[in-house]
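Below is one structure, written out as structure tokens; comments come after it.
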Amino acid sequence: MLDLFNLDGKVAIVTGSSRGLGCGMCKALAEAGADIVGVSQSSMEKAQSFVEACGRKFIEVRADLTSTEKIEEIVKTCIDNFGHVDILVNNAGMIRREDAINYSQKDWDDTINLNLRTLFFLSQTVAKEFIKQKTGGKIINIASMLSFQGGIRVPAYTASKSAVMGLTKALANELAKYNINVNAIAPGYMATDNTFALRNDEKRSQEIIDRIPAGRWGTPDDMAGAAVFLASKASDYVNGHTLAVDGGWLAR
């Protein structure tokens, strides 16, 4: 049974891998046996150290993913270094907080471009490589609790993450015939840079914890099992699904 979760010989592209959930998923996939191509604007030294400590290889690509300009370079770097790609984790994302009545076009465009536009076109490019390789593959999108709920003061983020869940289903429908699985993970309230302001607000942080049956904020380690499952043969008959990793938030 454990062999179903083994990623030996697999290669994963992970966006937003410099810190937080992306860095944690790099570590988890490497522990399961995968080599990693990390993508971020900033240093990925922490992710690289985790991956190499597992005896796996790590290649970094610096890219601003609010633009699609680097997509071909990302995939080419992966193929040039490893000869193939097996897994794509679309983790890079941003959140801009402002009342909807005052929300700027720049904040809207930046958020939609990173969280949705680049996610789609990178998925498209990697899917073409999967088809060319005739190996199938795994695409894992990072959704959100706001794929299910409306939220407050985050209109572009909610729009993008709701779209990520829908796009996950749409791509799964079209790509299944090529043996490509497309699924998503919806993290709950995680202790990352994106939630620093919330966690720093003692009253709001306690309100959030009180709503979570697990009674705590999530951590990058809490994403490990879901990421490895959706990247591995164990999930070969799972397609178009968004898996909540939320400590029970949605059940409350």
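Ordering of the structure tokens sets the chain letters (A, B, ...), residue numbers begin anew at 1 in every chain, and ligands are numbered from 1 in the order given.
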Legend entry - Close residues, Ala53 of chain A itself excluded, 12 Å, only C-alpha atoms, min 2 positions apart in chain, as number ranges by chain: A: 26-28, 30-31, 33, 35, 46-51, 55-58
Inset, instruction - For segment 191-193 of chain A, work out the shell of residues within 7 Å, counting only C-alpha atoms and skipping chain neighbours fewer than 6 positions away, then give it as a list in words. - result: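 Counting only C-alpha atoms, the residues come to Gly20, Trp217, Gly218 and Thr219 of chain A.
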Inset, instruction - Find, counting only C-alpha atoms, the residue in A:Val61, A:Ile71, A:Ala159, A:Leu167 that gets nearest to Leu122 of chain A. - result: A:Ile71
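Closest approach to Met165 of chain A among A:Phe148, A:Phe120, A:Tyr189, A:Tyr103 is made by A:Phe148 (distances from only C-alpha atoms).
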Inset, instruction - May I ask which of the residues A:Gln124, A:Thr66, A:Met44, A:Ile13 is the closest one to Cys78 of chain A, counting only C-alpha atoms? - result: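 The answer is A:Ile13, which sits nearest to Cys78 of chain A.
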Legend entry - Separation of atom CA of Val14 of chain A from atom CA of Leu119 of chain A in Å: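 Computing it gives 11.4 Å between the two atoms.
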Inset, instruction - Would you list the contacts of Asp8 of chain A as a PyMOL selection string, taking every protein, DNA or RNA residue within 7 Å and counting only C-alpha atoms, but skipping same-chain residues closer than 2 positions in sequence? - result: chain A and resi 6+10+32-34
List the neighbours of segment 149-154 of chain A out to 9 Å using only C-alpha atoms; skip same-chain residues closer than 5 positions along the sequence, and give me the result as a JSON list (two decimals) with C-alpha atoms, in the first residue's frame.
[["chain", "number", "residue", "atom", "x", "y", "z"],
["A", 95, "ILE", "CA", -4.20, 38.48, -1.24],
["A", 96, "ARG", "CA", -4.92, 42.21, -1.19],
["A", 97, "ARG", "CA", -7.27, 43.46, 1.53],
["A", 98, "GLU", "CA", -9.52, 46.48, 1.00],
["A", 99, "ASP", "CA", -13.21, 47.31, 1.17],
["A", 100, "ALA", "CA", -14.90, 46.34, -2.10],
["A", 103, "TYR", "CA", -10.82, 48.23, -4.34],
["A", 144, "SER", "CA", -8.92, 28.32, -0.36],
["A", 159, "ALA", "CA", -13.18, 35.67, -7.11],
["A", 162, "SER", "CA", -13.71, 30.43, -6.45]]
